[in-house]
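As structure tokens, the structure follows; a few thoughts come after it.
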Amino acid sequence: MELNPAALALFVEGYQKIVEGIGVLGFDTQDANFVDTAVRAAKGFHELIHDQTQARAEVETLLAKTFPAKYTEMVISKHNTAFGVCPHHLLPVIYRISMAYIPTEKVLGLSKLSRLARLLARGPRLQEDLTHELADALHEQLQSQGSAVYIEGLHMCMAARGVGAHEARLVTSGVRGVFLENPATREEFIKLVVAPSITLV
Ligand SMILES: [Zn+2]
């Protein structure tokens with residue numbers, strides 16, 4: 001994803017102020033380690049917030065490339081790591097995203113599922129909104145029989161306030177179609193995603 005020069009310039013300005021503030025706290029910001037920190041920090045921050053015009057176009061292209069479904073079993077992609085920031089504090093959130101859908105006619109490549117989750121996650125957004133947007137995309141845009149999304153988010157804003165790391169984890173889920181109508185299908189999905197990962201090799 002390309003960096004947006006106008007947004008980047010504003011982020012750099014903002015981080016220059018942050019570095020000044022750090023100096024007020026008694027840190028030596030004239031130290032060699034702070035040279036170009038504002039620029040590096042701004043780029044790093046921008047990586048967590050994608051330009052939405054580019055992101056939307058990529059999501060559209062991604063969802064348009066499907067294969068004909070040979071089977072109509074549950075397709076599941078488990079424990080994908082994605083990054084974003086929360087809109088309330090602009091602090092990073094690390095997500096672990098699991099998602100599933102039951103195809104009707106179209107299937108998406110497995111790597112595409114993971115890419116979709118990572119694309120939608122980048123930005124200042126509520127974990128709840130991300131959960132539902134992902135569930136909608138896998139149900140409506142793939143015209144699937146149903147979809148399910150389960151997200152655990154480790155929120156730095158909660159961790160930094162001194163809440164224990166465990167309490168800083170927020171869990172959200174969203175279900176559509178058959179996952180909503182059929183409790184057994186929903187339970188099968190939840191059981192699969194909460195089971196501890198077993199290393200294959
Ligand atoms: Zn927050």
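Chain labels follow the order of the structure tokens: the first chain is A, the next B, and so on; residue numbering restarts at 1 in every chain, and ligands are counted from 1 in their shown order.
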Counting only C-alpha atoms and all ligand atoms, what are the residues, protein, DNA or RNA alike, that approach ligand 1 to within 10 Å? I want them as a PyMOL selection string. chain A and resi 85-93+124-126+155-160
Selection near Val19 in chain A, 9 Å with only C-alpha atoms, sequence-local residues under 5 positions removed, as a PyMOL selection string: chain A and resi 14+24+29+34+37-38
Write a file of the selected residues as a short mmCIF file (atom, residue, chain, number, x, y, z; two decimals), in the first residue's frame, keeping C-alpha atoms.
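Output file part15.cif follows:
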data_model
loop_
_atom_site.label_atom_id
_atom_site.label_comp_id
_atom_site.auth_asym_id
_atom_site.auth_seq_id
_atom_site.Cartn_x
_atom_site.Cartn_y
_atom_site.Cartn_z
CA GLY A 14 2.42 15.75 14.84
CA VAL A 24 9.82 18.38 28.34
CA THR A 29 15.81 14.32 22.48
CA PHE A 34 16.13 10.93 17.94
CA THR A 37 12.45 9.86 14.77
CA ALA A 38 9.41 11.97 13.81
#
May I have the residues within 12 Å of Pro5 in chain A as a list of chain:residue names, using only C-alpha atoms and disregarding those fewer than 2 positions away in the same chain? A:Glu2, A:Leu3, A:Ala7, A:Leu8, A:Ala9, A:Leu10, A:Phe11, A:Val12, A:Val39, A:Ala42, A:Lys43, A:His46, A:Asp51
May I have the residues from that selection written out with N, CA and C atoms, as a short mmCIF file (atom, residue, chain, number, x, y, z; two decimals), in the first residue's frame?
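Okay, this is what ended up in selection-v4.cif:
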data_model
loop_
_atom_site.label_atom_id
_atom_site.label_comp_id
_atom_site.auth_asym_id
_atom_site.auth_seq_id
_atom_site.Cartn_x
_atom_site.Cartn_y
_atom_site.Cartn_z
N GLU A 2 0.59 2.17 -0.91
CA GLU A 2 1.42 3.39 -0.98
C GLU A 2 1.07 4.38 0.11
N LEU A 3 2.11 5.09 0.57
CA LEU A 3 1.87 6.10 1.60
C LEU A 3 1.28 7.34 0.94
N ALA A 7 -1.06 13.03 4.00
CA ALA A 7 -1.29 12.50 5.35
C ALA A 7 0.04 12.35 6.07
N LEU A 8 1.05 11.84 5.34
CA LEU A 8 2.35 11.61 5.96
C LEU A 8 2.94 12.91 6.51
N ALA A 9 2.84 14.01 5.71
CA ALA A 9 3.38 15.31 6.14
C ALA A 9 2.74 15.75 7.46
N LEU A 10 1.42 15.55 7.58
CA LEU A 10 0.72 15.92 8.81
C LEU A 10 1.15 15.04 9.99
N PHE A 11 1.33 13.76 9.71
CA PHE A 11 1.79 12.84 10.77
C PHE A 11 3.18 13.25 11.26
N VAL A 12 4.07 13.65 10.33
CA VAL A 12 5.42 14.06 10.71
C VAL A 12 5.35 15.28 11.64
N VAL A 39 9.97 11.34 11.53
CA VAL A 39 9.68 10.81 10.19
C VAL A 39 9.45 9.30 10.26
N ALA A 42 6.15 8.59 11.99
CA ALA A 42 5.01 8.93 11.13
C ALA A 42 4.79 7.83 10.09
N LYS A 43 5.87 7.32 9.53
CA LYS A 43 5.75 6.23 8.54
C LYS A 43 5.19 4.98 9.19
N HIS A 46 1.55 5.46 9.79
CA HIS A 46 0.82 5.38 8.51
C HIS A 46 0.62 3.92 8.08
N ASP A 51 -4.61 4.15 3.41
CA ASP A 51 -5.40 5.08 2.60
C ASP A 51 -6.66 4.32 2.14
#
Go through range 2-153 of chain A and collect every residue that DSSP, computed from the backbone, puts in helix (DSSP H, G or I); the answer should be as a PyMOL selection string. chain A and resi 5-24+32-34+37-48+52-64+110-121+127-141
Mind running range 59-134 of chain A against range 186-196 of chain A at 10 Å and telling me each contacting residue's nearest atom pair with the distance in Å (one decimal), counting only C-alpha atoms, chain and number ascending, as a tab-separated table?
residue	atom	partner	partner_atom	distance
A:Met74	CA	A:Phe189	CA	8.7
A:Val75	CA	A:Phe189	CA	10.0
A:Ile76	CA	A:Phe189	CA	8.2
A:Ser77	CA	A:Val193	CA	8.9
A:Lys78	CA	A:Val193	CA	6.3
A:His79	CA	A:Val193	CA	7.5
A:Ile97	CA	A:Val193	CA	9.2
A:Ser98	CA	A:Val193	CA	6.5
A:Met99	CA	A:Val193	CA	8.5
A:Ala100	CA	A:Phe189	CA	7.4
A:Tyr101	CA	A:Phe189	CA	9.6
Which of range 63-142 of chain A fall in strand (DSSP E), as a PyMOL selection string: chain A and resi 66-68+75-85+92-102+106-108
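Shortest separation to Gly123 in chain A among A:Ala6, A:Ile49, A:Val178, A:Ala41 occurs at residue A:Ile49, atoms counted being only C-alpha atoms.
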Pick from A:Tyr15, A:Gly23, A:Leu63, A:Arg122, whichever lies nearest to Arg40 in chain A using only C-alpha atoms: A:Tyr15
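Take the candidates A:Ala69, A:Ala148, A:Ala137, A:Ile198 and check each one against Phe179 in chain A using only C-alpha atoms; the shortest distance goes to A:Ala148.
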Go through A:Leu130, A:Ile22, A:Ala117, A:Leu142 one by one, measure the shortest atom-to-atom distance of each to Pro103 in chain A using only C-alpha atoms, and give the residue with the smallest value. A:Leu142
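Here CA of Thr199 in chain A and CA of Pro183 in chain A stand 28.8 Å from one another.
Note that CA of Phe67 in chain A and CA of Ala121 in chain A are 24.5 Å apart.
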